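S.K.: Provided herewith is a single structure, encoded as structure tokens, for subsequent inquiry.
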Amino acid sequence: QVQLKESGGGLVQAGASLRLSCAASGRAFNNYAMGWFRQVPGKEREFVAAISRSATATYYSDSVKGRFTISRSNAENMVSLQMNKLKPEDTAVYYCAADLANFSGTYYSTVANAYEYWGQGTQVTVSS
């Protein structure tokens, strides 16, 4: 079992930056690939970014590539999402998720169903 808790959301103006953090507790954090997803009401959960358990591989959706950076600290059981140059269309509830990946140091998934554990989400609102 892994418990995840996001923090760092808020209300910002377009062009600003935010840093989301996700604290993990429970089983060995370094066995899990981690992902960030986001969701707006009435829409499906959308992939944002992912990082392999060893942090050697990362992947971003086209909509955030070049603006967002995912990182992790296995020593601190933490994954972060640095979001720069925010746009109103980035407004959503952001979730971090954990996917057991002890078989590979480079594995990650962009599919929500691959992730076994989810946080409760943190709201990000970007005003124009």
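To be explicit about the labels: the chains of the structure tokens are called A, B, and onward in the order shown, and within each one the residues are counted from 1, while ligands get numbers from 1 in the order they are shown.
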Would you please extract all strand (DSSP E) residues from chain A, as assigned by DSSP on the backbone, and give them as a ChimeraX atom specification?
M.R.: /A:2-7,10-13,18-26,32-39,46-51,58-60,68-73,78-83,92-100,117-118,122-127
S.K.: Please list as a PyMOL selection string every residue within 6 Å of range 112-121 of chain A, counting only C-alpha atoms and excluding residues in the same chain fewer than 3 positions away.
M.R.: chain A and resi 4-6+93-99
S.K.: Grab the residues selected above and save them as a PDB file, in the first residue's frame with N, CA and C atoms.
M.R.:
```
ATOM      1  N   LEU A   4      -0.472   8.657  -1.005  1.00  0.00           N
ATOM      2  CA  LEU A   4       0.048   9.818  -1.708  1.00  0.00           C
ATOM      3  C   LEU A   4      -0.729  11.053  -1.304  1.00  0.00           C
ATOM      4  N   LYS A   5      -0.011  12.138  -1.125  1.00  0.00           N
ATOM      5  CA  LYS A   5      -0.683  13.396  -0.764  1.00  0.00           C
ATOM      6  C   LYS A   5      -0.042  14.543  -1.531  1.00  0.00           C
ATOM      7  N   GLU A   6      -0.846  15.207  -2.348  1.00  0.00           N
ATOM      8  CA  GLU A   6      -0.385  16.341  -3.134  1.00  0.00           C
ATOM      9  C   GLU A   6      -0.503  17.638  -2.351  1.00  0.00           C
ATOM     10  N   VAL A  93      -7.775  19.882 -11.533  1.00  0.00           N
ATOM     11  CA  VAL A  93      -7.304  19.208 -10.330  1.00  0.00           C
ATOM     12  C   VAL A  93      -6.158  18.292 -10.759  1.00  0.00           C
ATOM     13  N   TYR A  94      -5.038  18.427 -10.084  1.00  0.00           N
ATOM     14  CA  TYR A  94      -3.848  17.646 -10.418  1.00  0.00           C
ATOM     15  C   TYR A  94      -3.680  16.506  -9.414  1.00  0.00           C
ATOM     16  N   TYR A  95      -3.424  15.323  -9.966  1.00  0.00           N
ATOM     17  CA  TYR A  95      -3.265  14.121  -9.151  1.00  0.00           C
ATOM     18  C   TYR A  95      -1.897  13.509  -9.380  1.00  0.00           C
ATOM     19  N   CYS A  96      -1.277  13.033  -8.325  1.00  0.00           N
ATOM     20  CA  CYS A  96      -0.103  12.195  -8.521  1.00  0.00           C
ATOM     21  C   CYS A  96      -0.520  10.741  -8.350  1.00  0.00           C
ATOM     22  N   ALA A  97       0.220   9.859  -8.983  1.00  0.00           N
ATOM     23  CA  ALA A  97      -0.133   8.454  -8.989  1.00  0.00           C
ATOM     24  C   ALA A  97       1.131   7.604  -8.999  1.00  0.00           C
ATOM     25  N   ALA A  98       1.007   6.390  -8.448  1.00  0.00           N
ATOM     26  CA  ALA A  98       2.134   5.472  -8.334  1.00  0.00           C
ATOM     27  C   ALA A  98       1.828   4.171  -9.052  1.00  0.00           C
ATOM     28  N   ASP A  99       2.816   3.678  -9.792  1.00  0.00           N
ATOM     29  CA  ASP A  99       2.692   2.465 -10.601  1.00  0.00           C
ATOM     30  C   ASP A  99       3.860   1.551 -10.248  1.00  0.00           C
TER      31      ASP A  99
END
```
S.K.: So that I can check the surroundings of range 61-65 of chain A, please list as number ranges by chain every protein, DNA and RNA residue that reaches within 12 Å of it, counting only C-alpha atoms and ignoring chain neighbours fewer than 2 positions away.
M.R.: A: 35-38, 46-50, 58-59, 67-70, 81-87, 89-90, 109-111
S.K.: Taking only C-alpha atoms into account, name the residue in A:Gln13, A:Asn30, A:Gln3, A:Ser25 that is nearest to Thr106 in chain A.
M.R.: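 Smallest distance to Thr106 in chain A is found for A:Asn30.
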S.K.: When distances are computed from only C-alpha atoms, which of A:Asn31, A:Pro41, A:Gly105, A:Thr91 shows the smallest separation from Ala14 in chain A?
M.R.: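 Of all the options, A:Thr91 lies closest to Ala14 in chain A.
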S.K.: Which is closer to Gly42 in chain A than all the others in A:Gly9, A:Ala92, A:Thr125, A:Val79, using only C-alpha atoms?
M.R.: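 The closest residue to Gly42 in chain A is A:Ala92.
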S.K.: Here is a test: counting only C-alpha atoms, which residue of A:Ala57, A:Ile51, A:Gly15, A:Ser128 is nearest to Met34 in chain A?
M.R.: A:Ile51
